[in-house]
Amino acid sequence: MKRLLPWIILGVAAACIATSWLPSKVAKEDFDFSKVGEIPVLVGGRMKPLDTVARNSLLIIHGKQELRLEDSRRLSAMQWLADALFNASVADQYPVFVVQNADVLGLFGWQQSDRKYFSFAEFTPFLKQIDEQAAQSDKLEAVQRSAYQSAILNLRNGLSLYQRLKNSIQPEGAENFTAELQGFASSVPGAAKAARQRAMGENFDKVKLDDIAQMIKRYERLSDMAYVLAVPPIEPNGEWHSVGNSLLRSVAIGEIDPAVIEYAIVGDAYRANDRPLFNQNVEVMTDWFSKEQPNTMKRASFEFLFNRVQPFSQSMALYVLAFLLACASWLGSSSILRRSAFYVLLLALAIHTFGLVSRMYLQERPPVTNLYSSAIFIGWGAVIVALILERIFRDGIGAACAGAIGFVTLIIAHHLAGSGDTLEMLQAVLDTNIWLATHVVAITTGYSAMFLAGMLAIIYIVRGVFTTSLKKQTADSLARMTYGVVCFATLFSFVGTVLGGIWADQSWGRFWGWDPKENGAVLIVLWCAITLHARWGGFIRQRGLMIMALFGNIVTSFSWFGVNMLGVGLHSYGFMQKAFPWLVGFMLSQLALMCVAALPLERWRSFRTVNAPARGQTPQVSPAPSPG
Amino acid sequence: MLHKFVDIITSLKLTIVCLAAGMALIFAGTLAQVHLGIHEAQQRYFQSMFVWWPPEGRGFRIPIFPGGHLIGAVLLINLIAAHLKRFRWSWRKLGIHLTHAGLIIMLAGGLFTDLFAVESHMQLANGDAKNYSEDMRQTELAVIDTSGDDLDQVTAIPDTVLRPNRVIDHWSLPFRIAVRNFYQNSRLRMLSQAGEGARPIANQGSGAMIAVEPVTRATASDERDVPSAAIEILPKDGGSLGTWLVSDSLGAPQTFGCGGRTWMIALRPARYYKPYSVTLQKFTHEKYAGTEIPKDFSSKVTLIDPERSVNRDVLIYMNHPLRYRGETFYQAGFQKDDSATILQVVHNPSFIAPYVACVIVAAGLLVQFGFHLVGFSRQRRRAIA
């Protein structure tokens with residue numbers, strides 16, 4: 001039984017995970033939102049399923065991927081988007097917009113209360129005012145904005161995104177769009193004839209021309225507003241168009257694109273609550289894609305699956321479980337818990353890897369392309385190295401590190417995702433897979449190793465100072481691991497930094513430009529060099545190594561996040577005011593731990609016991625090579 | 001005494017002190033970039049022997065921290081000296097030797113680049129041809145003798161010489177130039193719009209209708225200073241022709257006659273002339289469909305070099321520069337309305353150093369840590385056995 005326990009724990013965890021991978025069944029007489037969610041569209045230069053558009057938009061506007069209404073009914077992102085696209089007057093009543101800033105509320109004469117979500121309808125009287133206020137703060141750099149200015153700008157951006165969504169598939173407020181299109185289609189030939197006659201100087205039917213002029217005006221506005229390019233190209237590599245733009249083009253072509261008509265039928269069916277018609281036409285659309293553009297459809301379906309499964313949330317949960325199991329394993333002597341932790345970690349890593357590889361497939365890019373994906377990758381790299389350590393040393397330390405770092409980095413990634421699409425298209429200068437695959441991967445692997453070394457140091461210090469569980473053997477292995485990981489970090493940070501220089505030399509003509517991000521990278525390399533030289537020169541031993549590894553955490557977090565917050569230079573993508581207190585908090589916590597570690601060894605609970613090595617005889621980790 | 005000095009200069013402690021000082025400097029310099037801008041912070045912190053306090057221009061200053069050049073030089077000396085003193089060949093130390101040899105190449109290359117690399121810009125509108133690039137920061141006072149039939153004779157005076165009350169006397173000119181005012185960064189306004197009390201600083205040319213306001217120096221990386229100066233022309237045979245305003249933001253050069261010849265004066269970005277010319281055929285700026293995210297910039301140019309009988313079309317785009325006669329042209333930017341391309345032109349004789357150094361250091365680290373790893377796994381195996 002005891003032998004089987006790790007497998008049982010793994011099995012239960014796997015079973016919990018597996019349930020979310022199975023597709024949910026939709027009752028026949030219900031709107032098939034998952035089918036709609038798979039329809040591919042083009043937004044932000046990238047082809048993606050409507051489900052992604054829904055989730056990202058709701059995340060930007062609402063801060064969550066799900067909407068809870070006042071009557072505690074829950075709407076999925078896709079349900080909300082369907083209302084916004086097809087039934088705007090209903091969607092206008094949903095409390096989606098987050099406003100917490102008292103000054104912004106005061107602008108509308110509202111008092112701050114428990115309520116923080118507001119509907120579009122509530123803002124309608126104030127749209128002009130909001131626009132004016134936001135335009136003022138738009139003139140400032142992100143760093144210079146006050147809390148009020150950032151908040152009003154956020155609100156404006158959310159409102160404008162919402163308004164653009166509403167005008168993506170049909171003009172907002174259209175009652176019977178199918179009929180409208182039919183009318184448009186039938187009047188186009190007559191109007192074209194009238195236009196020709198006018199051009200030739202002949203008599204022409206002015207009413208027909210005026211009629212169509214008004215329609216064209218309506219569709220021009222629609223085309224200007226559209227957020228989603230929903231009309232697919234006929235050829236797989238052609239251009240996508242918005243519904244408005246497609247309608248304008250149809251004047252010249254002579255017929256309305258079938259996709260526009262399909263969308264119109266779907267929208268009308270949705271408003272009329274005609275579920276069979278809705279589902280039937282949605283299926284017509286997905287079938288068309290499967291047949292005409294199988295690649296596009298395959299990707300969209302895969303991304304839809306990826307959205308639904310949420311692999312990173314799943315591995316996050318598993319990492320926590322593994323961490324707890326590993327910590328618990330230090331209390332007893334049997335290896336059951338440690339082995340369970342190891343197996344759970346393997347499962348977590350497998351799901352994490354699935355997520356990472358899926359993103360690479362969807363984006364057709366190396367793994368790290370923005371801050372979000374760097375967090376995913378740092379966690380992934382650190383977990384792998386930690387698992388190798390666990391495999392070698394078999395003492396639960398590697399497992400605990402893997403669980404902790406995996407969890408924390410994925411939490412960080414989760415919070416970085418708030419700005420919308422994490423698979424966004426890359427700026428021209430980043431559009432090079434070679435450098436993304438080498439420089440960026442090497443640098444982030446270096447970060448992984450630095451954080452892993454720091455985590456090992458935390459375990460050493462916490463177990464040494466606060467518990468009696470840090471035996472000499474454990475302490476020695478911890479020191480060895482830390483030393484090895486720092487070596488690994490040095491190699492990758494150095495190579496990554498220099499590769500970055502070479503990239504800069506290739507694209508800007510200068511190897512080194514003292515850009516803040518470059519400086520951050522070189523700080524890590526220097527810190528590694530100092531640590532290793534101090535170690536080789538015998539200036540530090542176990543405890544010194546740990547304290548330096550902890551400081552490595554501070555250096556690395558500065559390099560990863562801190563320099564982006566300065567808002568200077570070529571790498572300052574993604575300024576994040578919200579993350580600042582967290583960063584400072586993390587740095588302070590590391591400093592505090594360093595102080596704890598600086599307590600005299602007699603105060604360390606582990607070293608007070610009999611087998612404590614006295615200060616002078618702290619064991620050497622490995623034969624110290626001369627500094628060269 | 002000498003013995004002790006050698007001990008210090010070759011010591012590992014010095015290495016660590018230098019590395020730590022380097023970290024502190026880089027950290028402080030990075031934070032300083034927020035207020036000073038990248039270029040100014042670079043000058044003060046990294047490309048200097050000392051960091052000074054208070055900043056220049058207050059009469060006195062105290063060095064408070066070693067600058068980048070000093071730390072780099074000491075580190076380089078320390079590295080070389082330690083190796084000279086302790087170098088003993090052994091396979092076990094191969095990694096360490098390689099790593100440090102690579103670092104020496106890298107540090108020396110960095111110093112070389114700092115001293116000899118020249119960066120400039122070439123801005124071209126569609127159809128423009130140029131045989132010079134312009135410095136991003138330095139300006140020059142160009143005095144042009146236009147009376148020649150084919151060629152203009154240009155006398156370029158660097159802006160570092162333009163300081164109030166200086167008198168510039170050059171053999172090629174029949175007049176002296178007295179600098180009356182100089183502003184490193186300024187804003188020009190028509191007198192009519194400048195409000196009460198505004199006075200021109202010149203009495204000749206267009207400058208007589210313009211008021212000059214001094215402005216604090218530009219710090220953002222995409223801004224540059226607009227230097228302006230008032231200069232008085234003093235013919236060498238006596239008298240004065242009056243005071244002219246010269247400024248980087250005045251468009252066309254101003255003309256006056258002196259010594260029977262016609263002269264033009266302009267304060268303009270310092271120019272680097274080339275023995276070849278570059279003509280912009282077309283600048284392309286693609287965006288991702290339905291977004292403002294740039295997808296690609298490219299400049300199609302024609303390169304004409306009569307000396308080497310070259311006349312060919314070249315496409316310069318992101319991450320694909322043009323390398324020609326020791327200079328490299330990069331797609332660096334564009335005018336806001338896509339009307340012109342901006343190419344960065346770099347002359348860097350030691351650009352190869354980091355490439356070589358990187359390979360050597362990486363190999364060294366691999367060998368060194370490889371030895372550790374092998375040693376470690378042997379130990380483990382013995383421990384388990």
# chains A, B, ... in the order shown; residues from 1 in each chain; ligands from 1
>>> residues_around(residues="Ala386 in chain A", least_positions_apart="5", cutoff="9 Å", atoms="only C-alpha atoms", output="count of residues only")
9
>>> interface_residues(of="chain B", to="chain A", cutoff="7 Å", atoms="only C-alpha atoms", output="JSON, numbers by chain")
{"B": [12, 16, 19, 23, 26, 30, 34, 42, 96, 288, 289, 290, 291, 293, 294, 295, 296, 318, 319, 320, 321, 328, 330, 332, 346, 358, 362, 365, 369]}
>>> residues_around(residues="Ser358 in chain A", least_positions_apart="6", cutoff="10 Å", atoms="only C-alpha atoms", output="mmCIF file with C-alpha atoms, in the first residue's frame")
data_model
loop_
_atom_site.group_PDB
_atom_site.id
_atom_site.type_symbol
_atom_site.label_atom_id
_atom_site.label_comp_id
_atom_site.auth_asym_id
_atom_site.auth_seq_id
_atom_site.Cartn_x
_atom_site.Cartn_y
_atom_site.Cartn_z
ATOM 1 C CA PHE A 302 -6.603 24.433 -31.296
ATOM 2 C CA GLU A 303 -6.436 27.880 -29.757
ATOM 3 C CA PHE A 306 -5.958 25.905 -25.394
ATOM 4 C CA PRO A 311 -2.910 24.577 -18.922
ATOM 5 C CA HIS A 352 3.341 23.342 -18.474
ATOM 6 C CA GLU A 364 5.086 30.267 -34.822
ATOM 7 C CA PRO A 367 9.049 30.543 -26.647
#
>>> residues_around(residues="Glu255 in chain A", least_positions_apart="6", cutoff="9 Å", atoms="only C-alpha atoms", output="ChimeraX atom specification")
/A:185,188,247,249
>>> write_last_selection(atoms="N, CA and C atoms", output="PDB file, in the first residue's frame")
ATOM      1  N   ALA A 185     -28.214  45.311 -51.334  1.00  0.00           N
ATOM      2  CA  ALA A 185     -27.767  44.577 -52.515  1.00  0.00           C
ATOM      3  C   ALA A 185     -28.630  44.921 -53.721  1.00  0.00           C
ATOM      4  N   VAL A 188     -27.910  48.526 -55.121  1.00  0.00           N
ATOM      5  CA  VAL A 188     -26.579  48.840 -55.651  1.00  0.00           C
ATOM      6  C   VAL A 188     -26.566  48.955 -57.176  1.00  0.00           C
ATOM      7  N   LEU A 247     -18.525  45.554 -47.082  1.00  0.00           N
ATOM      8  CA  LEU A 247     -19.740  46.087 -47.699  1.00  0.00           C
ATOM      9  C   LEU A 247     -19.410  47.213 -48.671  1.00  0.00           C
ATOM     10  N   ARG A 249     -16.663  47.517 -50.292  1.00  0.00           N
ATOM     11  CA  ARG A 249     -16.046  46.911 -51.475  1.00  0.00           C
ATOM     12  C   ARG A 249     -17.101  46.260 -52.372  1.00  0.00           C
TER      13      ARG A 249
END
>>> select_by_dssp(residues="range 15-151 of chain B", states="strand (DSSP E or B)", output="VMD selection string")
chain B and resid 50 to 53 62 to 66 118 to 125 129 to 145
>>> write_last_selection(atoms="N, CA and C atoms", output="mmCIF file, in the first residue's frame")
data_model
loop_
_atom_site.group_PDB
_atom_site.id
_atom_site.type_symbol
_atom_site.label_atom_id
_atom_site.label_comp_id
_atom_site.auth_asym_id
_atom_site.auth_seq_id
_atom_site.Cartn_x
_atom_site.Cartn_y
_atom_site.Cartn_z
ATOM 1 N N PHE B 50 35.789 59.554 -13.800
ATOM 2 C CA PHE B 50 35.136 59.713 -12.504
ATOM 3 C C PHE B 50 33.710 60.200 -12.674
ATOM 4 N N VAL B 51 32.874 59.844 -11.697
ATOM 5 C CA VAL B 51 31.561 60.451 -11.635
ATOM 6 C C VAL B 51 31.702 61.662 -10.727
ATOM 7 N N TRP B 52 31.242 62.814 -11.194
ATOM 8 C CA TRP B 52 31.462 64.054 -10.462
ATOM 9 C C TRP B 52 30.207 64.524 -9.744
ATOM 10 N N TRP B 53 30.444 65.187 -8.617
ATOM 11 C CA TRP B 53 29.349 65.833 -7.906
ATOM 12 C C TRP B 53 29.823 67.174 -7.401
ATOM 13 N N ILE B 62 33.469 67.540 -7.293
ATOM 14 C CA ILE B 62 34.246 66.563 -6.543
ATOM 15 C C ILE B 62 34.019 65.195 -7.185
ATOM 16 N N PRO B 63 35.088 64.433 -7.394
ATOM 17 C CA PRO B 63 34.864 63.069 -7.891
ATOM 18 C C PRO B 63 34.306 62.217 -6.764
ATOM 19 N N ILE B 64 33.175 61.562 -6.982
ATOM 20 C CA ILE B 64 32.610 60.769 -5.890
ATOM 21 C C ILE B 64 32.665 59.273 -6.161
ATOM 22 N N PHE B 65 32.914 58.886 -7.383
ATOM 23 C CA PHE B 65 32.946 57.449 -7.668
ATOM 24 C C PHE B 65 33.769 57.245 -8.925
ATOM 25 N N PRO B 66 34.506 56.128 -9.002
ATOM 26 C CA PRO B 66 35.244 55.879 -10.241
ATOM 27 C C PRO B 66 34.279 55.686 -11.402
ATOM 28 N N VAL B 118 32.285 55.838 -34.830
ATOM 29 C CA VAL B 118 31.551 57.057 -35.128
ATOM 30 C C VAL B 118 30.147 56.671 -35.578
ATOM 31 N N GLU B 119 29.149 57.240 -34.908
ATOM 32 C CA GLU B 119 27.766 56.980 -35.311
ATOM 33 C C GLU B 119 27.178 58.245 -35.895
ATOM 34 N N SER B 120 26.471 58.115 -36.980
ATOM 35 C CA SER B 120 25.812 59.282 -37.565
ATOM 36 C C SER B 120 24.518 58.852 -38.240
ATOM 37 N N HIS B 121 23.779 59.823 -38.724
ATOM 38 C CA HIS B 121 22.489 59.556 -39.347
ATOM 39 C C HIS B 121 22.483 60.044 -40.780
ATOM 40 N N MET B 122 21.667 59.395 -41.598
ATOM 41 C CA MET B 122 21.451 59.913 -42.940
ATOM 42 C C MET B 122 19.953 59.927 -43.158
ATOM 43 N N GLN B 123 19.394 61.111 -43.336
ATOM 44 C CA GLN B 123 17.955 61.204 -43.549
ATOM 45 C C GLN B 123 17.697 61.477 -45.020
ATOM 46 N N LEU B 124 16.875 60.631 -45.620
ATOM 47 C CA LEU B 124 16.637 60.740 -47.059
ATOM 48 C C LEU B 124 15.142 60.725 -47.334
ATOM 49 N N ALA B 125 14.663 61.689 -48.092
ATOM 50 C CA ALA B 125 13.294 61.620 -48.601
ATOM 51 C C ALA B 125 13.337 60.837 -49.909
ATOM 52 N N ALA B 129 19.417 62.157 -52.840
ATOM 53 C CA ALA B 129 20.743 61.528 -52.883
ATOM 54 C C ALA B 129 21.654 62.309 -51.956
ATOM 55 N N LYS B 130 22.474 61.599 -51.189
ATOM 56 C CA LYS B 130 23.392 62.280 -50.277
ATOM 57 C C LYS B 130 24.735 61.592 -50.291
ATOM 58 N N ASN B 131 25.786 62.369 -50.139
ATOM 59 C CA ASN B 131 27.103 61.757 -50.002
ATOM 60 C C ASN B 131 27.715 62.099 -48.647
ATOM 61 N N TYR B 132 26.845 62.389 -47.703
ATOM 62 C CA TYR B 132 27.343 62.641 -46.354
ATOM 63 C C TYR B 132 26.315 62.145 -45.344
ATOM 64 N N SER B 133 26.773 61.851 -44.140
ATOM 65 C CA SER B 133 25.855 61.572 -43.049
ATOM 66 C C SER B 133 26.040 62.656 -42.006
ATOM 67 N N GLU B 134 25.065 62.749 -41.100
ATOM 68 C CA GLU B 134 25.100 63.846 -40.134
ATOM 69 C C GLU B 134 25.210 63.322 -38.713
ATOM 70 N N ASP B 135 25.964 64.046 -37.912
ATOM 71 C CA ASP B 135 26.104 63.639 -36.522
ATOM 72 C C ASP B 135 24.799 63.892 -35.782
ATOM 73 N N MET B 136 24.492 63.003 -34.791
ATOM 74 C CA MET B 136 23.229 63.158 -34.079
ATOM 75 C C MET B 136 23.308 64.276 -33.043
ATOM 76 N N ARG B 137 24.470 64.588 -32.548
ATOM 77 C CA ARG B 137 24.555 65.563 -31.464
ATOM 78 C C ARG B 137 25.417 66.771 -31.797
ATOM 79 N N GLN B 138 26.546 66.525 -32.457
ATOM 80 C CA GLN B 138 27.444 67.634 -32.746
ATOM 81 C C GLN B 138 26.871 68.485 -33.874
ATOM 82 N N THR B 139 27.034 69.795 -33.715
ATOM 83 C CA THR B 139 26.689 70.677 -34.830
ATOM 84 C C THR B 139 27.939 71.408 -35.251
ATOM 85 N N GLU B 140 27.876 72.026 -36.399
ATOM 86 C CA GLU B 140 29.020 72.803 -36.869
ATOM 87 C C GLU B 140 28.505 74.080 -37.498
ATOM 88 N N LEU B 141 29.334 75.114 -37.416
ATOM 89 C CA LEU B 141 29.010 76.356 -38.103
ATOM 90 C C LEU B 141 29.671 76.264 -39.472
ATOM 91 N N ALA B 142 28.855 76.124 -40.505
ATOM 92 C CA ALA B 142 29.411 75.997 -41.849
ATOM 93 C C ALA B 142 29.465 77.367 -42.484
ATOM 94 N N VAL B 143 30.646 77.740 -42.945
ATOM 95 C CA VAL B 143 30.818 79.005 -43.651
ATOM 96 C C VAL B 143 31.191 78.632 -45.079
ATOM 97 N N ILE B 144 30.317 78.990 -46.019
ATOM 98 C CA ILE B 144 30.469 78.462 -47.373
ATOM 99 C C ILE B 144 30.770 79.609 -48.339
ATOM 100 N N ASP B 145 31.852 79.432 -49.068
ATOM 101 C CA ASP B 145 32.216 80.398 -50.094
ATOM 102 C C ASP B 145 31.582 79.924 -51.400
#
>>> residues_around(residues="Arg339 in chain A", least_positions_apart="5", cutoff="10 Å", atoms="only C-alpha atoms", output="MDAnalysis selection string")
chainID A and resid 3 5:7 322 325:326 329 334 344:345 390 394:396 399
>>> write_last_selection(atoms="C-alpha atoms", output="PDB file, in the first residue's frame")
ATOM      1  CA  ARG A   3       4.524   1.833  -2.247  1.00  0.00           C
ATOM      2  CA  LEU A   5       0.624   5.820  -2.402  1.00  0.00           C
ATOM      3  CA  PRO A   6       2.665   8.134  -4.707  1.00  0.00           C
ATOM      4  CA  TRP A   7       0.943   6.591  -7.710  1.00  0.00           C
ATOM      5  CA  ALA A 322       4.030  19.307  -5.087  1.00  0.00           C
ATOM      6  CA  LEU A 325       4.253  17.396  -0.437  1.00  0.00           C
ATOM      7  CA  ALA A 326       7.999  18.124  -0.679  1.00  0.00           C
ATOM      8  CA  SER A 329       8.529  15.058   3.271  1.00  0.00           C
ATOM      9  CA  SER A 334       9.990   7.912   4.634  1.00  0.00           C
ATOM     10  CA  VAL A 344       3.128  15.313  -9.360  1.00  0.00           C
ATOM     11  CA  LEU A 345       5.854  17.640 -10.585  1.00  0.00           C
ATOM     12  CA  GLU A 390      15.943  16.267  -7.262  1.00  0.00           C
ATOM     13  CA  ARG A 394      16.766  12.730  -3.840  1.00  0.00           C
ATOM     14  CA  ASP A 395      16.186  14.876  -0.766  1.00  0.00           C
ATOM     15  CA  GLY A 396      13.035  16.818  -1.627  1.00  0.00           C
ATOM     16  CA  ALA A 399      11.139  19.208  -5.655  1.00  0.00           C
TER      17      ALA A 399
END
